[in-house]
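Trainee: Below you'll find coords00.txt; it's compact mmCIF, C-alpha atoms and all ligand atoms.
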```txt
# COMPACT_ATOMS: atom_id res chain seq x y z
CA MET A 12 -111.44 0.16 5.46
CA ALA A 13 -114.95 0.69 4.17
CA ALA A 14 -117.41 3.09 5.82
CA ILE A 15 -118.83 1.27 8.76
CA ASN A 16 -121.46 2.08 11.27
CA ARG A 17 -121.13 1.16 14.88
CA ARG A 18 -123.19 -2.00 14.53
CA GLN A 19 -120.77 -3.26 11.91
CA LEU A 20 -117.80 -2.43 14.10
CA LEU A 21 -119.43 -4.36 16.92
CA ALA A 22 -119.93 -7.25 14.56
CA ALA A 23 -116.95 -8.04 12.46
CA GLY A 24 -116.59 -5.83 9.48
CA ALA A 25 -113.84 -3.28 10.10
CA GLY A 26 -111.55 -5.44 8.03
CA MET A 27 -107.86 -5.99 8.34
CA SER A 28 -108.08 -7.91 5.10
CA ALA A 29 -105.21 -5.84 3.77
CA LEU A 30 -102.93 -7.50 6.28
CA ALA A 31 -100.92 -10.22 4.75
CA VAL A 32 -99.26 -12.52 7.22
CA LEU A 33 -95.56 -12.05 6.83
CA PRO A 34 -92.98 -14.23 8.48
CA ALA A 35 -92.22 -12.94 11.96
CA CYS A 36 -88.61 -12.14 12.79
CA SER A 37 -88.42 -12.85 16.46
CA ASN A 38 -86.17 -11.23 19.00
CA SER A 39 -83.65 -13.37 20.73
CA GLY A 40 -81.42 -12.94 23.71
CA GLY A 41 -83.74 -10.74 25.79
CA GLU A 42 -83.22 -11.25 29.48
CA THR A 43 -86.38 -12.39 31.23
CA LYS A 44 -86.41 -11.86 34.98
CA PRO A 45 -89.36 -13.91 36.21
CA ASP A 46 -88.52 -13.45 39.89
CA GLU A 47 -87.99 -9.71 39.87
CA LYS A 48 -91.02 -7.86 41.23
CA LYS A 49 -91.16 -5.12 38.67
CA VAL A 50 -93.09 -3.97 35.60
CA GLU A 51 -92.14 -1.32 33.08
CA VAL A 52 -94.95 0.26 31.06
CA PHE A 53 -94.11 2.43 28.07
CA SER A 54 -96.43 5.14 26.72
CA TRP A 55 -96.47 8.83 25.76
CA TRP A 56 -98.82 9.89 28.49
CA SER A 57 -96.67 12.25 30.49
CA GLY A 58 -98.28 15.67 29.98
CA PRO A 59 -101.38 17.20 31.59
CA GLY A 60 -104.55 15.53 30.39
CA GLU A 61 -102.55 12.43 29.45
CA ALA A 62 -100.89 11.52 32.71
CA GLU A 63 -103.96 11.61 34.97
CA GLY A 64 -105.65 8.57 33.45
CA LEU A 65 -102.41 6.59 33.45
CA ASP A 66 -101.73 7.59 37.06
CA ALA A 67 -105.16 6.29 38.10
CA LEU A 68 -104.33 2.91 36.57
CA ILE A 69 -100.88 2.87 38.13
CA ALA A 70 -102.31 3.60 41.60
CA ASN A 71 -104.75 0.72 41.22
CA PHE A 72 -101.99 -1.59 39.96
CA LYS A 73 -99.82 -0.77 42.97
CA GLN A 74 -102.69 -1.46 45.35
CA SER A 75 -103.38 -4.91 43.96
CA ASN A 76 -99.71 -5.80 43.36
CA ALA A 77 -98.08 -4.76 46.61
CA GLY A 78 -94.29 -4.86 46.50
CA VAL A 79 -94.09 -4.73 42.70
CA GLU A 80 -92.06 -1.80 41.44
CA PHE A 81 -93.91 0.12 38.72
CA VAL A 82 -91.67 1.86 36.18
CA ASN A 83 -93.62 4.47 34.27
CA ALA A 84 -91.55 4.79 31.10
CA ALA A 85 -93.63 7.54 29.49
CA VAL A 86 -91.83 9.61 26.84
CA ALA A 87 -93.23 13.12 26.36
CA GLY A 88 -94.72 14.20 23.03
CA GLY A 89 -98.33 14.17 21.87
CA SER A 90 -99.42 11.32 19.60
CA GLY A 91 -96.18 9.52 20.41
CA THR A 92 -93.98 11.74 18.25
CA GLN A 93 -90.89 11.06 20.36
CA ALA A 94 -91.99 7.85 22.04
CA LYS A 95 -92.34 5.81 18.87
CA GLN A 96 -88.71 6.37 17.89
CA VAL A 97 -87.46 5.49 21.38
CA LEU A 98 -89.60 2.36 21.39
CA SER A 99 -88.49 1.28 17.96
CA ASP A 100 -84.82 1.60 19.00
CA ARG A 101 -85.47 -0.44 22.12
CA MET A 102 -87.32 -3.16 20.23
CA ARG A 103 -84.60 -3.37 17.61
CA ASN A 104 -81.99 -3.65 20.36
CA ASN A 105 -84.00 -6.34 22.12
CA GLN A 106 -84.64 -4.20 25.18
CA PRO A 107 -88.43 -4.35 25.29
CA PRO A 108 -90.44 -2.82 28.09
CA ASP A 109 -92.96 -5.16 29.72
CA SER A 110 -95.87 -3.52 27.95
CA TYR A 111 -96.19 -0.64 25.50
CA GLN A 112 -98.91 1.58 24.10
CA LEU A 113 -100.00 1.03 20.54
CA HIS A 114 -102.91 2.09 18.31
CA ALA A 115 -105.41 -0.37 16.91
CA GLY A 116 -105.28 -0.65 13.13
CA LEU A 117 -102.46 -0.75 10.62
CA GLU A 118 -99.98 0.62 13.19
CA ALA A 119 -100.62 -2.50 15.28
CA ALA A 120 -100.42 -4.68 12.18
CA ASP A 121 -96.90 -3.42 11.50
CA ASP A 122 -95.68 -4.42 14.97
CA ILE A 123 -97.38 -7.81 14.72
CA LYS A 124 -95.77 -8.42 11.34
CA ALA A 125 -92.40 -7.34 12.74
CA GLY A 126 -92.70 -10.18 15.25
CA TRP A 127 -92.50 -7.82 18.22
CA LEU A 128 -95.58 -9.02 20.06
CA GLU A 129 -96.75 -12.06 21.99
CA ASP A 130 -100.00 -13.65 20.93
CA LEU A 131 -102.55 -12.80 23.64
CA THR A 132 -105.35 -15.04 22.35
CA GLY A 133 -104.90 -17.41 25.32
CA LEU A 134 -105.23 -14.51 27.76
CA TYR A 135 -108.40 -13.37 25.95
CA GLU A 136 -109.84 -16.88 26.13
CA SER A 137 -109.00 -17.58 29.76
CA ASN A 138 -110.45 -14.22 30.83
CA GLY A 139 -113.51 -14.31 28.58
CA TRP A 140 -112.51 -11.03 26.91
CA LYS A 141 -113.48 -11.92 23.35
CA SER A 142 -117.13 -11.06 23.86
CA LYS A 143 -116.36 -8.00 25.98
CA PHE A 144 -114.95 -5.81 23.21
CA PRO A 145 -116.37 -4.89 19.80
CA ALA A 146 -115.44 -7.68 17.38
CA GLY A 147 -114.36 -5.16 14.75
CA LEU A 148 -111.96 -3.59 17.25
CA ILE A 149 -110.42 -6.94 18.22
CA GLU A 150 -109.96 -7.57 14.53
CA LYS A 151 -107.85 -4.40 14.33
CA LEU A 152 -105.48 -5.91 16.90
CA SER A 153 -105.28 -9.31 15.24
CA ILE A 154 -103.78 -11.15 12.35
CA SER A 155 -105.04 -14.56 11.27
CA GLY A 156 -107.37 -14.78 14.25
CA LYS A 157 -104.57 -14.24 16.80
CA ILE A 158 -104.99 -11.21 19.07
CA TYR A 159 -101.94 -9.16 20.04
CA ALA A 160 -103.09 -6.25 22.23
CA VAL A 161 -105.67 -5.14 24.78
CA PRO A 162 -107.69 -2.01 23.91
CA VAL A 163 -108.12 0.41 26.76
CA ASN A 164 -110.29 3.08 25.13
CA ILE A 165 -111.98 4.64 22.13
CA HIS A 166 -110.99 8.22 21.28
CA ARG A 167 -112.65 10.55 18.77
CA SER A 168 -110.38 12.59 16.53
CA ASN A 169 -112.95 14.80 14.71
CA LEU A 170 -113.82 17.37 17.35
CA MET A 171 -113.72 21.15 17.42
CA PHE A 172 -113.28 22.82 20.81
CA PHE A 173 -114.22 26.40 21.69
CA SER A 174 -115.13 28.73 24.53
CA PRO A 175 -118.90 29.36 24.37
CA LYS A 176 -118.59 32.65 26.25
CA LYS A 177 -115.92 33.98 23.91
CA LEU A 178 -117.86 32.95 20.78
CA ALA A 179 -120.85 34.87 22.12
CA GLU A 180 -118.65 37.89 22.91
CA TRP A 181 -117.42 37.91 19.32
CA GLY A 182 -121.00 37.80 18.05
CA ILE A 183 -120.85 34.24 16.71
CA ALA A 184 -124.21 32.59 17.34
CA ALA A 185 -123.15 28.95 16.83
CA PRO A 186 -119.98 27.01 16.00
CA ALA A 187 -119.34 26.50 12.28
CA LYS A 188 -120.97 23.39 10.82
CA THR A 189 -119.02 23.38 7.55
CA TRP A 190 -115.57 24.58 6.59
CA THR A 191 -117.19 27.15 4.27
CA GLU A 192 -119.08 28.57 7.23
CA PHE A 193 -115.88 28.45 9.28
CA LEU A 194 -114.06 30.57 6.67
CA ALA A 195 -116.93 33.08 6.68
CA GLN A 196 -116.73 33.29 10.48
CA ALA A 197 -112.99 33.83 10.15
CA GLU A 198 -113.75 37.17 8.47
CA THR A 199 -115.89 38.28 11.41
CA LEU A 200 -113.17 37.17 13.81
CA LYS A 201 -110.44 38.92 11.83
CA ALA A 202 -112.26 42.22 12.27
CA LYS A 203 -111.99 41.59 16.02
CA ASN A 204 -108.30 40.68 15.80
CA VAL A 205 -108.93 37.03 16.63
CA LYS A 206 -107.56 34.08 14.66
CA ALA A 207 -110.17 31.50 13.70
CA LEU A 208 -108.19 28.45 14.82
CA SER A 209 -105.05 27.43 16.69
CA VAL A 210 -102.80 24.68 15.44
CA GLY A 211 -99.34 23.64 16.60
CA ALA A 212 -96.70 20.93 16.05
CA THR A 213 -96.76 19.08 12.72
CA TRP A 214 -98.79 16.15 14.04
CA THR A 215 -101.54 18.56 15.15
CA GLN A 216 -101.56 20.03 11.62
CA LEU A 217 -101.96 16.56 10.14
CA HIS A 218 -104.68 15.89 12.70
CA LEU A 219 -106.45 18.99 11.38
CA LEU A 220 -105.81 17.91 7.80
CA GLU A 221 -107.40 14.46 8.23
CA ASN A 222 -110.52 16.11 9.61
CA VAL A 223 -110.67 18.75 6.87
CA LEU A 224 -110.49 15.92 4.32
CA LEU A 225 -113.24 14.09 6.21
CA GLY A 226 -115.45 17.17 6.40
CA GLU A 227 -114.93 18.21 2.80
CA LEU A 228 -115.03 14.80 1.11
CA GLY A 229 -117.55 12.91 3.26
CA THR A 230 -117.07 9.45 4.75
CA ALA A 231 -117.10 7.33 1.59
CA LYS A 232 -114.42 9.34 -0.19
CA TYR A 233 -112.46 9.77 3.06
CA ASN A 234 -112.34 6.00 3.52
CA GLY A 235 -111.30 5.63 -0.11
CA LEU A 236 -108.22 7.78 0.55
CA TRP A 237 -106.80 4.91 2.59
CA ASP A 238 -107.65 1.92 0.44
CA GLY A 239 -106.88 3.26 -3.00
CA LYS A 240 -110.52 3.84 -4.02
CA THR A 241 -110.30 7.65 -3.86
CA ASP A 242 -107.79 9.20 -6.21
CA TRP A 243 -105.63 11.58 -4.19
CA LYS A 244 -104.93 13.46 -7.41
CA GLY A 245 -108.65 13.95 -8.12
CA ALA A 246 -110.07 17.49 -8.31
CA ASP A 247 -112.17 17.04 -5.13
CA VAL A 248 -109.17 16.03 -3.00
CA VAL A 249 -107.01 18.85 -4.39
CA ALA A 250 -109.87 21.29 -3.68
CA ALA A 251 -110.09 20.00 -0.09
CA LEU A 252 -106.33 20.55 0.25
CA ASP A 253 -106.81 24.10 -1.03
CA THR A 254 -109.48 24.61 1.64
CA PHE A 255 -106.98 23.33 4.22
CA LYS A 256 -104.51 26.02 3.07
CA LYS A 257 -107.20 28.69 3.48
CA ILE A 258 -107.84 27.39 6.99
CA LEU A 259 -104.12 27.64 7.82
CA ASP A 260 -104.16 31.22 6.49
CA VAL A 261 -106.73 32.27 9.10
CA SER A 262 -105.10 30.28 11.92
CA VAL A 263 -102.42 30.94 14.47
CA VAL A 264 -99.89 28.29 13.46
CA GLY A 265 -97.30 27.43 16.09
CA THR A 266 -94.98 24.56 16.88
CA ASP A 267 -96.20 23.69 20.37
CA ASP A 268 -97.75 20.42 21.41
CA TRP A 269 -101.53 20.20 21.76
CA GLN A 270 -101.95 21.54 25.31
CA PRO A 271 -100.39 25.01 24.80
CA THR A 272 -102.10 25.12 21.40
CA ILE A 273 -105.59 24.60 22.83
CA ASP A 274 -104.70 27.06 25.63
CA LYS A 275 -104.85 29.76 22.91
CA VAL A 276 -108.59 29.13 22.65
CA LEU A 277 -108.96 29.61 26.39
CA ALA A 278 -106.91 32.81 26.20
CA GLY A 279 -109.10 34.12 23.36
CA THR A 280 -106.23 34.33 20.85
CA ALA A 281 -108.04 31.85 18.60
CA ALA A 282 -111.70 30.84 18.36
CA TYR A 283 -111.40 27.10 17.70
CA ASN A 284 -109.08 24.13 18.04
CA VAL A 285 -109.53 20.80 16.25
CA MET A 286 -108.27 18.03 18.51
CA GLY A 287 -109.15 14.56 19.78
CA ASP A 288 -111.15 14.13 22.95
CA TRP A 289 -108.07 13.74 25.15
CA ALA A 290 -108.47 17.55 25.07
CA ALA A 291 -111.78 17.17 26.94
CA GLY A 292 -109.89 15.23 29.64
CA TYR A 293 -107.38 18.08 29.84
CA LEU A 294 -109.95 20.88 29.91
CA GLN A 295 -112.10 19.23 32.57
CA GLY A 296 -109.17 17.84 34.55
CA ALA A 297 -106.01 19.97 34.51
CA LYS A 298 -107.91 23.15 33.57
CA ALA A 299 -110.93 22.43 35.80
CA LEU A 300 -113.39 23.85 33.23
CA LYS A 301 -117.04 22.90 33.06
CA TYR A 302 -118.52 21.40 29.91
CA LYS A 303 -120.82 23.85 28.08
CA ASP A 304 -119.57 26.67 30.27
CA GLY A 305 -115.77 26.91 30.37
CA TYR A 306 -115.46 24.92 27.16
CA ASP A 307 -117.69 23.32 24.57
CA VAL A 308 -117.10 20.94 21.70
CA VAL A 309 -118.85 19.85 18.49
CA ALA A 310 -117.99 17.51 15.64
CA SER A 311 -115.42 19.20 13.40
CA PRO A 312 -117.04 20.98 10.43
CA GLY A 313 -118.74 18.66 7.95
CA SER A 314 -118.49 15.58 10.18
CA THR A 315 -121.65 15.56 12.29
CA GLY A 316 -122.72 11.99 13.01
CA VAL A 317 -119.26 10.62 12.18
CA TYR A 318 -116.84 9.13 14.72
CA ASN A 319 -113.27 9.34 13.43
CA PHE A 320 -111.98 6.78 15.88
CA LEU A 321 -108.72 5.53 17.34
CA ALA A 322 -108.05 3.10 20.16
CA ASP A 323 -105.11 3.03 22.57
CA SER A 324 -104.06 -0.49 23.42
CA PHE A 325 -101.37 -2.25 25.46
CA THR A 326 -99.18 -5.13 24.43
CA LEU A 327 -96.94 -7.89 25.71
CA PRO A 328 -93.70 -7.61 23.74
CA LYS A 329 -91.70 -10.74 22.99
CA ASN A 330 -89.00 -11.22 25.63
CA ALA A 331 -90.66 -8.85 28.09
CA PRO A 332 -88.50 -9.25 31.22
CA HIS A 333 -91.41 -9.40 33.67
CA LYS A 334 -94.14 -11.33 31.91
CA THR A 335 -96.17 -12.15 35.02
CA TYR A 336 -96.60 -8.53 36.00
CA ALA A 337 -97.04 -7.47 32.39
CA GLU A 338 -100.04 -9.81 32.29
CA ALA A 339 -101.31 -8.34 35.55
CA TRP A 340 -101.08 -4.91 33.89
CA LEU A 341 -102.97 -6.12 30.82
CA LYS A 342 -105.66 -7.65 33.02
CA LEU A 343 -106.12 -4.33 34.77
CA CYS A 344 -106.31 -2.50 31.41
CA ALA A 345 -108.96 -4.93 30.19
CA SER A 346 -111.06 -4.97 33.35
CA PRO A 347 -114.28 -2.96 33.70
CA ALA A 348 -112.79 -1.34 36.82
CA GLY A 349 -109.57 -0.38 35.00
CA GLN A 350 -111.43 1.02 31.99
CA ASP A 351 -113.81 3.01 34.18
CA LEU A 352 -110.93 4.43 36.21
CA PHE A 353 -108.87 5.39 33.20
CA ASN A 354 -111.32 6.70 30.62
CA PRO A 355 -113.24 9.36 32.58
CA LYS A 356 -109.87 11.02 33.28
CA LYS A 357 -108.39 10.42 29.84
CA GLY A 358 -111.36 11.89 27.97
CA SER A 359 -112.21 8.69 26.13
CA VAL A 360 -115.03 6.18 26.19
CA PRO A 361 -114.38 2.59 27.23
CA ALA A 362 -113.45 -0.02 24.67
CA ARG A 363 -115.36 -2.57 26.78
CA LEU A 364 -119.01 -3.05 26.00
CA ASP A 365 -120.11 -3.59 29.62
CA SER A 366 -118.65 -0.55 31.36
CA ASP A 367 -120.48 1.52 33.94
CA LYS A 368 -122.25 4.21 31.91
CA SER A 369 -122.89 6.36 34.98
CA LYS A 370 -119.16 7.16 35.08
CA TYR A 371 -119.38 8.99 31.74
CA THR A 372 -120.92 12.42 32.15
CA ASP A 373 -120.58 15.89 30.58
CA TYR A 374 -118.67 15.63 27.28
CA LEU A 375 -118.18 11.90 27.81
CA GLY A 376 -121.91 11.33 28.25
CA TRP A 377 -122.42 12.80 24.78
CA ALA A 378 -119.43 10.87 23.39
CA LEU A 379 -120.69 7.54 24.69
CA SER A 380 -124.18 8.14 23.31
CA GLN A 381 -122.68 9.03 19.92
CA TRP A 382 -120.39 6.00 19.98
CA GLN A 383 -123.29 3.70 20.85
CA ASP A 384 -125.75 5.27 18.40
CA THR A 385 -126.32 2.77 15.59
CA LYS A 386 -126.65 5.67 13.12
CA THR A 387 -123.14 6.93 13.86
CA VAL A 388 -120.70 6.24 11.03
CA VAL A 389 -117.28 5.09 12.21
CA VAL A 390 -114.14 5.90 10.23
CA GLY A 391 -110.47 5.58 11.21
CA SER A 392 -107.77 8.16 11.98
CA LEU A 393 -104.63 8.57 9.90
CA VAL A 394 -102.49 10.33 12.51
CA HIS A 395 -103.43 7.91 15.27
CA GLY A 396 -102.59 4.65 13.60
CA VAL A 397 -105.81 3.25 12.17
CA VAL A 398 -105.79 3.59 8.40
CA ALA A 399 -102.21 3.80 7.12
CA ASN A 400 -99.24 1.57 7.77
CA ASN A 401 -96.17 3.20 9.32
CA SER A 402 -94.15 3.42 6.12
CA TRP A 403 -96.90 5.19 4.16
CA LYS A 404 -97.70 7.43 7.09
CA SER A 405 -94.08 8.50 7.36
CA GLU A 406 -94.06 9.31 3.62
CA ILE A 407 -97.22 11.37 4.11
CA GLU A 408 -95.46 13.25 6.92
CA LYS A 409 -92.48 13.97 4.68
CA ALA A 410 -94.71 15.14 1.81
CA TYR A 411 -96.64 17.30 4.26
CA GLY A 412 -93.42 19.09 5.25
CA VAL A 413 -92.90 20.06 1.61
CA PHE A 414 -96.58 21.06 1.26
CA PHE A 415 -96.44 23.21 4.37
CA THR A 416 -93.64 25.32 2.91
CA GLY A 417 -94.44 25.16 -0.82
CA LYS A 418 -98.27 25.13 -0.49
CA ASP A 419 -98.64 23.12 -3.69
CA SER A 420 -101.79 21.01 -3.23
CA ALA A 421 -101.51 19.07 -6.48
CA LYS A 422 -97.87 18.17 -5.76
CA PHE A 423 -98.73 17.01 -2.24
CA ALA A 424 -101.61 14.88 -3.56
CA ALA A 425 -99.34 13.33 -6.20
CA SER A 426 -96.66 12.52 -3.60
CA VAL A 427 -99.16 10.88 -1.24
CA SER A 428 -100.66 8.90 -4.10
CA ALA A 429 -97.22 7.67 -5.27
CA ALA A 430 -96.28 6.78 -1.69
CA TYR A 431 -99.48 4.72 -1.35
CA ALA A 432 -98.60 2.74 -4.44
CA ALA A 433 -95.11 2.11 -3.09
CA ASN A 434 -96.13 1.16 0.46
CA LYS A 435 -99.57 -0.50 0.31
C1 LIG B 501 -102.94 9.82 20.53
C2 LIG B 501 -103.31 8.89 21.64
C3 LIG B 501 -104.16 9.61 22.60
C4 LIG B 501 -103.49 10.89 23.04
C5 LIG B 501 -103.02 11.70 21.86
C6 LIG B 501 -102.25 12.94 22.23
O1 LIG B 501 -102.13 9.20 19.58
O2 LIG B 501 -103.99 7.81 21.10
O3 LIG B 501 -104.43 8.77 23.68
O4 LIG B 501 -102.46 10.56 23.88
O5 LIG B 501 -102.24 10.93 21.03
O6 LIG B 501 -101.04 12.63 22.82
```
Written as structure tokens, how would this file's structure read?
Ligand code: GAL

Mentor:
Amino acid sequence: MAAINRRQLLAAGAGMSALAVLPACSNSGGETKPDEKKVEVFSWWSGPGEAEGLDALIANFKQSNAGVEFVNAAVAGGSGTQAKQVLSDRMRNNQPPDSYQLHAGLEAADDIKAGWLEDLTGLYESNGWKSKFPAGLIEKLSISGKIYAVPVNIHRSNLMFFSPKKLAEWGIAAPAKTWTEFLAQAETLKAKNVKALSVGATWTQLHLLENVLLGELGTAKYNGLWDGKTDWKGADVVAALDTFKKILDVSVVGTDDWQPTIDKVLAGTAAYNVMGDWAAGYLQGAKALKYKDGYDVVASPGSTGVYNFLADSFTLPKNAPHKTYAEAWLKLCASPAGQDLFNPKKGSVPARLDSDKSKYTDYLGWALSQWQDTKTVVVGSLVHGVVANNSWKSEIEKAYGVFFTGKDSAKFAASVSAAYAANK
């Protein structure tokens, strides 16, 4: 995926050209139950800051579909760490839910190629959705012009959260704009017995890593990491990995999911947390903090003016037992009302182009203006499904485990590079 600005994403360019169309292996034998008034929706939005947006959609669904049982099949675990395995087992055993959550990009492409998803192009056409979403985003949910999922939001991965009051208390005038400045601030913080950053479960470490690479390498080289144009083994990438190790050295590194990890910033144990903007939903919602007062957020160091994006989307799996209500769910997800109910709670901006801007205030007001600014450069997230297919991503995760213990940057880079060659 080449560096793209928002205008290009709105047009067509965020290419899925790497997606070859492979023969689909279709499920068979799934039991469809057209008369049963039920819908089962699968996601990983069960924790605070995740569940509230989903609950708002569910409440609306129940209102407009009286008598239809809604089964919320959310599996706990940020970024779908547990959910994806459960889903994959269900799909392989031909026990699909009626709709499941999926990220736009190469993650979606894998499921399309696996033959798991119904083609939703007809639904897009009959509801006039094609012109309602950025063309480049629809392309990330399509193969050969056929569209397979409905995007519900746009999230930003490259954000750094902090408590403005605590930063001031520690004598830090402004959040770090580069990772070099961050490491200098870490010294000041160390003298005060405060860790510079909190990070938790492995996926949150990889989330940090993608944004350190972005901040250190810049957008062109960052994009090249995912399409073979940037050599992972090159001196600049290895140096960025060394910087990442230095960042870990000044961090409190735990194993918790993202909510307890960002709580360390609120408690004053750590100064910063790098997380996607679902954290803004959590801080304003579950934690009832005010933007710019109880919490504040900037682009992660070195990535001002860049939107490292991801988009949650919902699907219609092949052999979904309750297709009618699954389609009703997808229609709600795609509607302006659904998007404007969900996103202000979720901490994301709408995927739709015609949403009600007045609903997006505080952090989200800033996010929407950044997303819609034609100067903003859009890149894609590794951890959240955009730029790497599932097999390469899982190799990166394995190599990261070795890197985390052995701390050998060159070895990690070589493993990721070899895994790209084997999985591209
Ligand atoms: C992402 C997902 C977000 C949020 C986050 C943390 O993968 O796209 O919506 O849920 O994980 O769980």

Trainee: Select from range 267-349 of chain A every residue with an atom at most 12 Å from any atom of range 208-231 of chain A, then for each give the shortest pair of atoms and their distance in Å to one decimal, using only C-alpha atoms, rows by chain and rising number, as JSON lines.

Mentor:
```
{"residue": "A:Asp267", "atom": "CA", "partner": "A:Gly211", "partner_atom": "CA", "distance": 4.9}
{"residue": "A:Asp268", "atom": "CA", "partner": "A:Ala212", "partner_atom": "CA", "distance": 5.5}
{"residue": "A:Trp269", "atom": "CA", "partner": "A:Gly211", "partner_atom": "CA", "distance": 6.6}
{"residue": "A:Gln270", "atom": "CA", "partner": "A:Gly211", "partner_atom": "CA", "distance": 9.3}
{"residue": "A:Pro271", "atom": "CA", "partner": "A:Gly211", "partner_atom": "CA", "distance": 8.4}
{"residue": "A:Thr272", "atom": "CA", "partner": "A:Gly211", "partner_atom": "CA", "distance": 5.7}
{"residue": "A:Ile273", "atom": "CA", "partner": "A:Ser209", "partner_atom": "CA", "distance": 6.8}
{"residue": "A:Asp274", "atom": "CA", "partner": "A:Ser209", "partner_atom": "CA", "distance": 9.0}
{"residue": "A:Lys275", "atom": "CA", "partner": "A:Ser209", "partner_atom": "CA", "distance": 6.6}
{"residue": "A:Val276", "atom": "CA", "partner": "A:Ser209", "partner_atom": "CA", "distance": 7.1}
{"residue": "A:Leu277", "atom": "CA", "partner": "A:Ser209", "partner_atom": "CA", "distance": 10.7}
{"residue": "A:Ala278", "atom": "CA", "partner": "A:Ser209", "partner_atom": "CA", "distance": 11.1}
{"residue": "A:Gly279", "atom": "CA", "partner": "A:Ser209", "partner_atom": "CA", "distance": 10.3}
{"residue": "A:Thr280", "atom": "CA", "partner": "A:Ser209", "partner_atom": "CA", "distance": 8.1}
{"residue": "A:Ala281", "atom": "CA", "partner": "A:Leu208", "partner_atom": "CA", "distance": 5.1}
{"residue": "A:Ala282", "atom": "CA", "partner": "A:Leu208", "partner_atom": "CA", "distance": 5.5}
{"residue": "A:Tyr283", "atom": "CA", "partner": "A:Leu208", "partner_atom": "CA", "distance": 4.5}
{"residue": "A:Asn284", "atom": "CA", "partner": "A:Ser209", "partner_atom": "CA", "distance": 5.4}
{"residue": "A:Val285", "atom": "CA", "partner": "A:Leu219", "partner_atom": "CA", "distance": 6.0}
{"residue": "A:Met286", "atom": "CA", "partner": "A:His218", "partner_atom": "CA", "distance": 7.2}
{"residue": "A:Gly287", "atom": "CA", "partner": "A:His218", "partner_atom": "CA", "distance": 8.5}
{"residue": "A:Ala310", "atom": "CA", "partner": "A:Gly226", "partner_atom": "CA", "distance": 9.6}
{"residue": "A:Ser311", "atom": "CA", "partner": "A:Asn222", "partner_atom": "CA", "distance": 6.9}
{"residue": "A:Pro312", "atom": "CA", "partner": "A:Gly226", "partner_atom": "CA", "distance": 5.8}
{"residue": "A:Gly313", "atom": "CA", "partner": "A:Gly226", "partner_atom": "CA", "distance": 3.9}
{"residue": "A:Ser314", "atom": "CA", "partner": "A:Gly226", "partner_atom": "CA", "distance": 5.1}
{"residue": "A:Thr315", "atom": "CA", "partner": "A:Gly226", "partner_atom": "CA", "distance": 8.7}
{"residue": "A:Gly316", "atom": "CA", "partner": "A:Thr230", "partner_atom": "CA", "distance": 10.3}
{"residue": "A:Val317", "atom": "CA", "partner": "A:Thr230", "partner_atom": "CA", "distance": 7.8}
{"residue": "A:Tyr318", "atom": "CA", "partner": "A:Thr230", "partner_atom": "CA", "distance": 10.0}
{"residue": "A:Asn319", "atom": "CA", "partner": "A:Asn222", "partner_atom": "CA", "distance": 8.2}
{"residue": "A:Phe320", "atom": "CA", "partner": "A:Asn222", "partner_atom": "CA", "distance": 11.3}
```

Trainee: When distances are computed from all atoms listed in the file, which of A:Thr254, A:Ser402, A:Ser346, A:Gln112 shows the smallest separation from Leu194 in chain A?

Mentor: A:Thr254

Trainee: Considering only C-alpha atoms and all ligand atoms, tabulate each residue of chain A that lies at most 8 Å from ligand LIG 501 (chain B) along with its nearest interatomic pair and the corresponding distance in Å to one decimal; arrange the rows by chain and ascending residue number and present them as CSV.

Mentor:
```
residue,atom,partner,partner_atom,distance
A:Trp55,CA,B:LIG501,O4,6.5
A:Trp56,CA,B:LIG501,O4,5.9
A:Glu61,CA,B:LIG501,O4,5.9
A:Gly88,CA,B:LIG501,O6,6.5
A:Gly89,CA,B:LIG501,O6,3.3
A:Ser90,CA,B:LIG501,O5,3.2
A:Gly91,CA,B:LIG501,O1,6.0
A:Leu113,CA,B:LIG501,O2,7.9
A:His114,CA,B:LIG501,O2,6.5
A:His166,CA,B:LIG501,O3,7.0
A:Trp269,CA,B:LIG501,C6,7.3
A:Gly287,CA,B:LIG501,C5,7.1
A:Trp289,CA,B:LIG501,C4,5.8
A:Leu321,CA,B:LIG501,O2,6.5
A:Ala322,CA,B:LIG501,O2,6.3
A:Asp323,CA,B:LIG501,O2,5.1
A:Lys357,CA,B:LIG501,O3,7.5
A:Val394,CA,B:LIG501,O1,7.2
A:His395,CA,B:LIG501,O1,4.7
A:Gly396,CA,B:LIG501,O1,7.5
```

Trainee: Got time to write the residues from that selection, C-alpha atoms, as a CSV table (one decimal), keeping the file's coordinate frame?

Mentor:
```
chain,number,residue,atom,x,y,z
A,55,TRP,CA,-96.5,8.8,25.8
A,56,TRP,CA,-98.8,9.9,28.5
A,61,GLU,CA,-102.6,12.4,29.4
A,88,GLY,CA,-94.7,14.2,23.0
A,89,GLY,CA,-98.3,14.2,21.9
A,90,SER,CA,-99.4,11.3,19.6
A,91,GLY,CA,-96.2,9.5,20.4
A,113,LEU,CA,-100.0,1.0,20.5
A,114,HIS,CA,-102.9,2.1,18.3
A,166,HIS,CA,-111.0,8.2,21.3
A,269,TRP,CA,-101.5,20.2,21.8
A,287,GLY,CA,-109.2,14.6,19.8
A,289,TRP,CA,-108.1,13.7,25.2
A,321,LEU,CA,-108.7,5.5,17.3
A,322,ALA,CA,-108.0,3.1,20.2
A,323,ASP,CA,-105.1,3.0,22.6
A,357,LYS,CA,-108.4,10.4,29.8
A,394,VAL,CA,-102.5,10.3,12.5
A,395,HIS,CA,-103.4,7.9,15.3
A,396,GLY,CA,-102.6,4.6,13.6
```
